[in-house]
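Chemist: Supplied in structure tokens, the structure appears directly below.
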Amino acid sequence: MKIIKISTVWCPSCLVMNPRYKEIKDRYPNIEFVSLDLDLDEEAKEYNVGSILPVFILFNDEEIEVERLIGEHKTKELISIIEKHL
């Protein structure tokens, strides 16, 4: 599984989600985590995100998008969604 987080440094919701994202990363060392900044990383634009950030995109082992989360989410909710796709 791979999780891509797309955010920006100026986004308040992104700042709220940063510690939750770190907690998830620490909990799942076998998952590949990629962080992209919408303003700085050209690759981020390939994922067609809108104006609401952050965006978390989950991919299965075949690199197929299986879930997309937009905005703030509680850590328990993130864990539940990840577990659903493991």
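All residue names refer to the structure tokens as shown: chains lettered A, B, ... in order, residues numbered from 1 in each chain, ligands numbered from 1 in order.
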Considering only C-alpha atoms, return as a list in words whatever protein or nucleic-acid residues lie within 12 Å of Arg27 of chain A, sequence-local ones (same chain, fewer than 2 positions apart) excluded.
Modeler: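 Residues meeting the cut-off are Arg20, Tyr21, Lys22, Glu23, Ile24, Lys25, Pro29, Asn30, Ile31, Glu32, Phe33, Thr75, Lys76, Leu78, Ile79, Ile82 and Glu83 of chain A.
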Chemist: Kindly save the residues from that selection, with N, CA and C atoms included, as a compact mmCIF listing (two decimals), in the first residue's frame.
Modeler:
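Wrote part21.txt, looks like this:
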```txt
# COMPACT_ATOMS: atom_id res chain seq x y z
N ARG A 20 -1.20 13.93 13.02
CA ARG A 20 -1.98 12.71 12.80
C ARG A 20 -1.33 11.87 11.70
N TYR A 21 -0.86 12.53 10.66
CA TYR A 21 -0.18 11.84 9.57
C TYR A 21 1.10 11.18 10.09
N LYS A 22 1.86 11.88 10.93
CA LYS A 22 3.08 11.31 11.50
C LYS A 22 2.75 10.09 12.36
N GLU A 23 1.68 10.19 13.13
CA GLU A 23 1.27 9.06 13.97
C GLU A 23 0.93 7.83 13.11
N ILE A 24 0.24 8.06 12.00
CA ILE A 24 -0.10 6.97 11.08
C ILE A 24 1.17 6.39 10.48
N LYS A 25 2.08 7.24 10.05
CA LYS A 25 3.36 6.78 9.47
C LYS A 25 4.12 5.91 10.47
N PRO A 29 4.86 1.07 9.48
CA PRO A 29 6.16 1.22 8.82
C PRO A 29 6.26 0.50 7.48
N ASN A 30 5.37 -0.43 7.20
CA ASN A 30 5.42 -1.18 5.94
C ASN A 30 4.66 -0.50 4.80
N ILE A 31 4.00 0.61 5.10
CA ILE A 31 3.29 1.36 4.07
C ILE A 31 4.22 2.45 3.55
N GLU A 32 4.21 2.65 2.25
CA GLU A 32 5.00 3.73 1.64
C GLU A 32 4.21 5.04 1.75
N PHE A 33 4.82 6.03 2.39
CA PHE A 33 4.19 7.34 2.55
C PHE A 33 4.94 8.36 1.71
N THR A 75 -7.66 10.63 13.75
CA THR A 75 -6.70 9.53 13.61
C THR A 75 -7.40 8.18 13.55
N LYS A 76 -8.40 7.97 14.42
CA LYS A 76 -9.13 6.70 14.43
C LYS A 76 -9.78 6.42 13.08
N LEU A 78 -8.75 7.55 10.13
CA LEU A 78 -7.68 7.21 9.19
C LEU A 78 -7.24 5.76 9.37
N ILE A 79 -7.07 5.34 10.60
CA ILE A 79 -6.66 3.96 10.89
C ILE A 79 -7.70 2.98 10.37
N ILE A 82 -7.44 2.76 6.57
CA ILE A 82 -6.24 2.01 6.17
C ILE A 82 -6.43 0.52 6.41
N GLU A 83 -6.95 0.17 7.58
CA GLU A 83 -7.16 -1.24 7.91
C GLU A 83 -8.11 -1.91 6.91
```
Chemist: Leaving out segment 48-64 of chain A and any residue of its chain fewer than 6 positions from it, which residues lie within 10 Å of it when counting only C-alpha atoms, given as a ChimeraX atom specification?
Modeler: /A:1-8,11-18,21,31-38,70-73,78,81-82,85-86
Chemist: As an MDAnalysis selection string, which residues of chain A does DSSP assign to strand (DSSP E)?
Modeler: chainID A and resid 2:7 32:37 55:59 65:70
Chemist: Assign secondary structure with DSSP using the backbone only, and return the residues of chain A in helix (DSSP H, G or I) as a ChimeraX atom specification.
Modeler: /A:12-27,42-47,75-85
Chemist: Please report the interatomic distance between atom CA of Leu69 of chain A and atom CA of Lys84 of chain A in Å with one decimal.
Modeler: 13.8 Å
Chemist: Find the distance between atom CA of Tyr28 of chain A and atom CA of Glu77 of chain A and write it in Å to one decimal.
Modeler: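 Between atom CA of Tyr28 of chain A and atom CA of Glu77 of chain A the gap works out to 14.7 Å.
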Chemist: Taking only C-alpha atoms into account, name the residue in A:Pro19, A:Asp39, A:Ala44, A:Asp26 that is nearest to Lys74 of chain A.
Modeler: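 Closest to Lys74 of chain A of all the choices is A:Pro19.
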